[in-house]
Structure formats: structure tokens, C-alpha cells
Amino acid sequence: MATRRTLTGLCLVTAAALTLTACGGDSGGDTDSKVIKLGFPGSIGPTDTPLINAMESLEDDGWTVEYIEFDSPDVQTQALMSGDVNVASMGPATVMAADEAGAELKIVGNNNILDYLIIGAADVNSCEDLDGRKVAYHSEGSTSTAHLRRYLADTCPDASPEFLVISGSANRITALLEGQIDGTIVRVEDWIAADATPEQGHVIDSLVESQSDLLTQTIVIDGAKSDSSGPAVSALMAAFDKQLAAVNEDPTGFAETAATLLDSDPAEVVSVIEALIENGTFPENHDLSPASVDATLAFYKDADTISDKLTADDVADFDIASGGEK
């Protein structure tokens with residue numbers, strides 16, 4: 001079984017300067033050997049389990065594997081650049097912000113498809129009903145906030161909600177169920193786990209339907225180290241595709257594996273995995289579509305998160321994504 005670590009730190013990537021400070025203790029000097037160190041920008045959840053199981057399956061082929069949970073995307077970015085991890089599961093907004101600041105991070109695969117829901121209080125039945133009501137988001141610059149604002153602009157442009165900041169999808173659900181807010185954006189797995197009644201709140205929209213062309217969680221390497229990390233990510237992607245097939249073909253069977261990875265009750269995990277599959281969260285394979293990269297770039301440019309300078313080739317490596325190695 002893969003070694004699991006949780007790391008915290010204050011080493012940050014800023015737009016002014018990219019200061020390379022190791023976050024994990026050991027630098028990436030062993031990335032030329034059969035080593036995979038996989039980073040996550042927070043605690044793992046059900047959507048991460050196919051990738052983790054794929055990594056663990058490579059131990060039989062002689063790979064040494066480890067995954068690390070960082071306390072923020074910024075710390076994770078620094079760890080990838082300094083070599084403390086050689087592969088990362090990362091939101092595209094983080095990749096683009098780092099690259100605009102001078103990094104060479106490259107998206108090489110699609111981890112999972114959009115898993116955001118718009119939920120509302122019992123008396124909120126449409127986007128228009130959010131006009132003048134309290135709507136919470138994670139933070140001003142977060143990925144989920146950009147998706148929420150896009151949804152509001154596309155669906156009810158004349159509505160003017162009263163916005164509040166509540167960090168954490170599960171925390172926003174709690175606030176809604178307790179009547180503190182009237183609407184928010186949350187992840188599917190957190191909503192299922194909440195087991196809410198219609199009198200407390202319900203789903204208004206699933207964004208997988210209206211924003212399906214956008215990347216939300218991607219697999220990333222440091223392009224400056226692609227010669228050493230290329231073999232690792234190629235092996236990982238081949239194993240990942242097998243796990244995606246497994247979870248989509250047999251959700252109940254895969255839920256047992258996921259429950260072990262999450263140290264959770266299999267019965268509880270089954271309902272979450274099935275809901276994620278119904279939502280279309282798990283892709284058929286890791287393939288990275290140039291059209292989806294272009295659409296995601298346009299999305300964040302429209303949201304004023306990044307400038308017009310970045311191109312698809314700046315943020316993605318389609319050669320490694322398709323199985324080639326530089």
C-alpha cells in the first residue's frame with residue numbers, strides 16, 4: 001500500500017517571484033528511478049480514489065509509490081516545482097495562475113469531470129429565486145466560485161444575490177441546512193454525505209450538464225522536469241485508465257476499494273460512488289481534449305482570473321497526455 005503523508009507549510013508561489021523552497025523535506029532527486037510521488041491539494045476524497053488505486057497497483061511492477069496531502073494548492077504547487085512530488089492532482093486555475101507567474105506546469109490528463117451542484121433552501125427552486133438572497137462561495141479566487149459566477153451569469157443574469165464567504169463545501173452545506181444561507185455551490189460527494197431532507201434544501205442544478213466542456217481537476221507535472229517525470233506519469237495514466245473502467249463498470253465493487261483507501265464504511269461509500277457515476281464525474285479515460293483546454297482557458301479569461309496571454313500549449317503537454325514521452 002502506498003505511503004500517505006499530510007504536509008503543511010508556508011512556502012507559497014506568488015506572482016511577484018517563484019521562490020523554490022522544498023515543502024516535503026526531500027527534493028526530487030530520485031525522480032529518474034521508478035518512483036511516483038503524487039500530490040493532492042488537500043485531504044483526499046472519493047473522486048481521488050481511482051487515481052490512488054492506480055498508483056498502488058504499480059507497486060507490483062516495481063514502482064515505489066507515495067501520496068501527499070498538502071494544506072493548500074499553493075503549497076502543493078511549490079512542492080511540484082521543487083521536486084517533492086513528481087505528479088499532482090490539481091485544479092486548472094492553480095496551474096494557469098502558476099504558469100502566468102513564470103512556472104512551467106503542464107496538464108497531462110483529466111482526473112475527473114465537473115462535480116459541482118447548485119443547492120438551495122427549500123423555498124429556492126430556481127436561479128432567479130436567488131435574487132436578493134444569501135449565497136455563499138469558498139473564496140473570491142477559487143475554482144468553485146468561478147463556476148458559480150458563470151452559472152449565475154448564464155442562467156439568471158438579472159439576479160443580485162448577497163454573497164458571503166464560507167470556506168469548504170461541507171461547511172457551506174451545513175450553513176444552508178441550518179438556515180444561515182439560501183444557496184451555494186458544493187461538491188456532489190459532500191451533498192450526498194449530508195443526507196438532507198427536502199425541507200432543509202435541495203439541488204437546483206447540476207453543472208455537469210451546462211459546463212461539461214470545462215476541466216475541473218487535472219493531472220499535472222512540472223514541464224521543466226518532464227524528462228524525468230514523463231515515464232512516471234505515463235505508467236500512472238495507463239493504470240488510471242484501468243481503474244476508471246473498473247469504477248464505471250462496477251461501482252459497488254470499486255466502492256469496497258475506495259472505502260479501504262478512505263478508511264470508511266463501504267456501505268456509506270457505495271452511495272457516494274454511485275451518485276458520482278450518475279453525475280458523470282468519472283471520465284471513461286484520462287484523455288485530455290485540446291478543445292476542453294481551450295474552453296477552460298477561455299472560461300478563466302472571461303472570469304478575469306488569468307490574462308489573454310496564456311495558450312493551450314503553455315498549460316498542457318498533449319504529447320505526454322497521449323502516451324508519448326519527451
# chains A, B, ... in the order shown; residues from 1 in each chain; ligands from 1

call {"tool": "residues_around", "arguments": {"residues": "Ser271 in chain A", "least_positions_apart": "6", "cutoff": "9 Å", "atoms": "only C-alpha atoms", "output": "MDAnalysis selection string"}}
result
chainID A and resid 192:193 252 255

call {"tool": "write_last_selection", "arguments": {"atoms": "N, CA, C and O atoms", "output": "short mmCIF file (atom, residue, chain, number, x, y, z; two decimals), in the first residue's frame"}}
result
data_model
loop_
_atom_site.label_atom_id
_atom_site.label_comp_id
_atom_site.auth_asym_id
_atom_site.auth_seq_id
_atom_site.Cartn_x
_atom_site.Cartn_y
_atom_site.Cartn_z
N ILE A 192 -24.21 14.35 -0.93
CA ILE A 192 -24.70 13.01 -0.63
C ILE A 192 -24.47 12.67 0.83
O ILE A 192 -25.33 12.12 1.52
N ALA A 193 -23.29 12.98 1.32
CA ALA A 193 -22.95 12.68 2.72
C ALA A 193 -23.83 13.43 3.70
O ALA A 193 -24.08 12.97 4.82
N THR A 252 -20.24 -0.78 -7.21
CA THR A 252 -20.33 -1.43 -5.89
C THR A 252 -19.02 -2.11 -5.55
O THR A 252 -18.52 -2.00 -4.42
N ALA A 255 -16.39 0.42 -4.78
CA ALA A 255 -16.64 1.12 -3.52
C ALA A 255 -15.91 0.46 -2.35
O ALA A 255 -15.49 1.13 -1.41
#

call {"tool": "select_by_dssp", "arguments": {"residues": "range 111-193 of chain A", "states": "alpha helix (DSSP H)", "output": "MDAnalysis selection string"}}
result
chainID A and resid 143:155 169:177 188:193

call {"tool": "residues_around", "arguments": {"residues": "range 144-160 of chain A", "least_positions_apart": "4", "cutoff": "7 Å", "atoms": "only C-alpha atoms", "output": "list in words"}}
result
Cys127, Glu128, Leu130, Asp131, Gly132, Tyr137, His138, Ser139, Glu140, Ile185 and Ala303 of chain A

call {"tool": "residues_around", "arguments": {"residues": "Met55 in chain A", "least_positions_apart": "5", "cutoff": "12 Å", "atoms": "only C-alpha atoms", "output": "short mmCIF file (atom, residue, chain, number, x, y, z; two decimals) with N, CA and C atoms, in the first residue's frame"}}
result
data_model
loop_
_atom_site.label_atom_id
_atom_site.label_comp_id
_atom_site.auth_asym_id
_atom_site.auth_seq_id
_atom_site.Cartn_x
_atom_site.Cartn_y
_atom_site.Cartn_z
N MET A 1 0.85 -1.20 0.00
CA MET A 1 0.00 0.00 0.00
C MET A 1 0.88 1.25 0.00
N ALA A 2 0.42 2.27 -0.70
CA ALA A 2 1.20 3.50 -0.82
C ALA A 2 1.35 4.20 0.52
N THR A 3 2.52 4.79 0.72
CA THR A 3 2.73 5.63 1.88
C THR A 3 1.90 6.90 1.74
N ARG A 4 1.28 7.31 2.82
CA ARG A 4 0.45 8.52 2.82
C ARG A 4 1.04 9.52 3.80
N LYS A 34 12.19 4.47 -10.56
CA LYS A 34 10.76 4.13 -10.64
C LYS A 34 10.06 4.57 -9.37
N VAL A 35 9.89 5.87 -9.25
CA VAL A 35 9.26 6.46 -8.07
C VAL A 35 8.12 7.37 -8.50
N ILE A 36 6.96 7.22 -7.85
CA ILE A 36 5.84 8.13 -8.08
C ILE A 36 5.47 8.76 -6.75
N LYS A 37 5.60 10.07 -6.68
CA LYS A 37 5.14 10.84 -5.53
C LYS A 37 4.01 11.74 -6.02
N LEU A 38 2.83 11.43 -5.57
CA LEU A 38 1.61 12.07 -6.06
C LEU A 38 1.08 13.05 -5.03
N GLY A 39 0.82 14.28 -5.43
CA GLY A 39 0.35 15.30 -4.51
C GLY A 39 -1.11 15.65 -4.70
N ASP A 48 -10.86 10.99 -5.67
CA ASP A 48 -9.43 10.75 -5.79
C ASP A 48 -9.06 9.27 -5.78
N THR A 49 -9.99 8.41 -5.40
CA THR A 49 -9.64 7.01 -5.16
C THR A 49 -9.22 6.24 -6.41
N PRO A 50 -9.81 6.48 -7.60
CA PRO A 50 -9.30 5.74 -8.77
C PRO A 50 -7.82 6.03 -9.05
N ASP A 60 3.33 -3.57 -7.95
CA ASP A 60 3.63 -4.91 -8.46
C ASP A 60 4.61 -4.86 -9.63
N ASP A 61 4.74 -3.72 -10.28
CA ASP A 61 5.68 -3.55 -11.39
C ASP A 61 6.99 -2.91 -10.94
N GLY A 62 7.21 -2.84 -9.63
CA GLY A 62 8.47 -2.35 -9.13
C GLY A 62 8.54 -0.87 -8.84
N TRP A 63 7.38 -0.19 -8.88
CA TRP A 63 7.38 1.25 -8.58
C TRP A 63 7.28 1.47 -7.08
N THR A 64 7.99 2.46 -6.59
CA THR A 64 7.84 2.93 -5.22
C THR A 64 6.87 4.09 -5.26
N VAL A 65 5.79 4.00 -4.48
CA VAL A 65 4.72 4.99 -4.61
C VAL A 65 4.40 5.63 -3.26
N GLU A 66 3.95 6.87 -3.34
CA GLU A 66 3.61 7.65 -2.14
C GLU A 66 2.67 8.76 -2.56
N TYR A 67 1.71 9.08 -1.71
CA TYR A 67 0.92 10.29 -1.98
C TYR A 67 0.91 11.20 -0.76
N VAL A 87 4.11 14.19 -9.61
CA VAL A 87 2.81 14.23 -10.26
C VAL A 87 1.83 14.85 -9.27
N ALA A 88 0.86 15.62 -9.77
CA ALA A 88 -0.10 16.26 -8.87
C ALA A 88 -1.50 16.23 -9.46
N ALA A 232 7.06 8.25 -15.26
CA ALA A 232 6.19 8.02 -14.10
C ALA A 232 4.74 8.32 -14.44
N VAL A 233 4.51 9.46 -15.09
CA VAL A 233 3.12 9.83 -15.37
C VAL A 233 2.54 8.95 -16.47
N SER A 234 3.36 8.48 -17.41
CA SER A 234 2.86 7.58 -18.45
C SER A 234 2.40 6.26 -17.85
N ALA A 235 3.19 5.72 -16.93
CA ALA A 235 2.80 4.48 -16.25
C ALA A 235 1.54 4.69 -15.42
N LEU A 236 1.49 5.83 -14.73
CA LEU A 236 0.34 6.12 -13.89
C LEU A 236 -0.94 6.28 -14.71
N MET A 237 -0.85 6.95 -15.86
CA MET A 237 -2.05 7.17 -16.69
C MET A 237 -2.59 5.86 -17.25
N ALA A 238 -1.70 4.94 -17.65
CA ALA A 238 -2.14 3.65 -18.16
C ALA A 238 -2.89 2.87 -17.07
N ALA A 239 -2.35 2.90 -15.85
CA ALA A 239 -3.02 2.23 -14.73
C ALA A 239 -4.31 2.94 -14.35
N PHE A 240 -4.32 4.26 -14.45
CA PHE A 240 -5.50 5.06 -14.11
C PHE A 240 -6.68 4.72 -15.01
N ASP A 241 -6.42 4.54 -16.30
CA ASP A 241 -7.49 4.21 -17.23
C ASP A 241 -8.16 2.89 -16.86
N LYS A 242 -7.37 1.93 -16.37
CA LYS A 242 -7.95 0.65 -15.93
C LYS A 242 -8.86 0.86 -14.72
N GLN A 243 -8.47 1.75 -13.81
CA GLN A 243 -9.29 2.00 -12.62
C GLN A 243 -10.56 2.76 -12.97
N LEU A 261 -9.33 2.79 1.04
CA LEU A 261 -8.44 3.94 0.88
C LEU A 261 -8.85 5.10 1.77
#

call {"tool": "select_by_dssp", "arguments": {"residues": "range 59-283 of chain A", "states": "strand (DSSP E or B)", "output": "PyMOL selection string"}}
result
chain A and resi 64-70+87-90+105-112+116-120+134-137+162-165+183-187+202-206+217-222

call {"tool": "closest_residue", "arguments": {"among": "A:Glu249, A:Glu56, A:Asp115, A:Asp313", "to": "Ser206 in chain A", "atoms": "only C-alpha atoms"}}
result
A:Asp115

call {"tool": "closest_residue", "arguments": {"among": "A:Glu100, A:Asp74, A:Asp182, A:Asp287", "to": "Ile119 in chain A", "atoms": "only C-alpha atoms"}}
result
A:Asp182
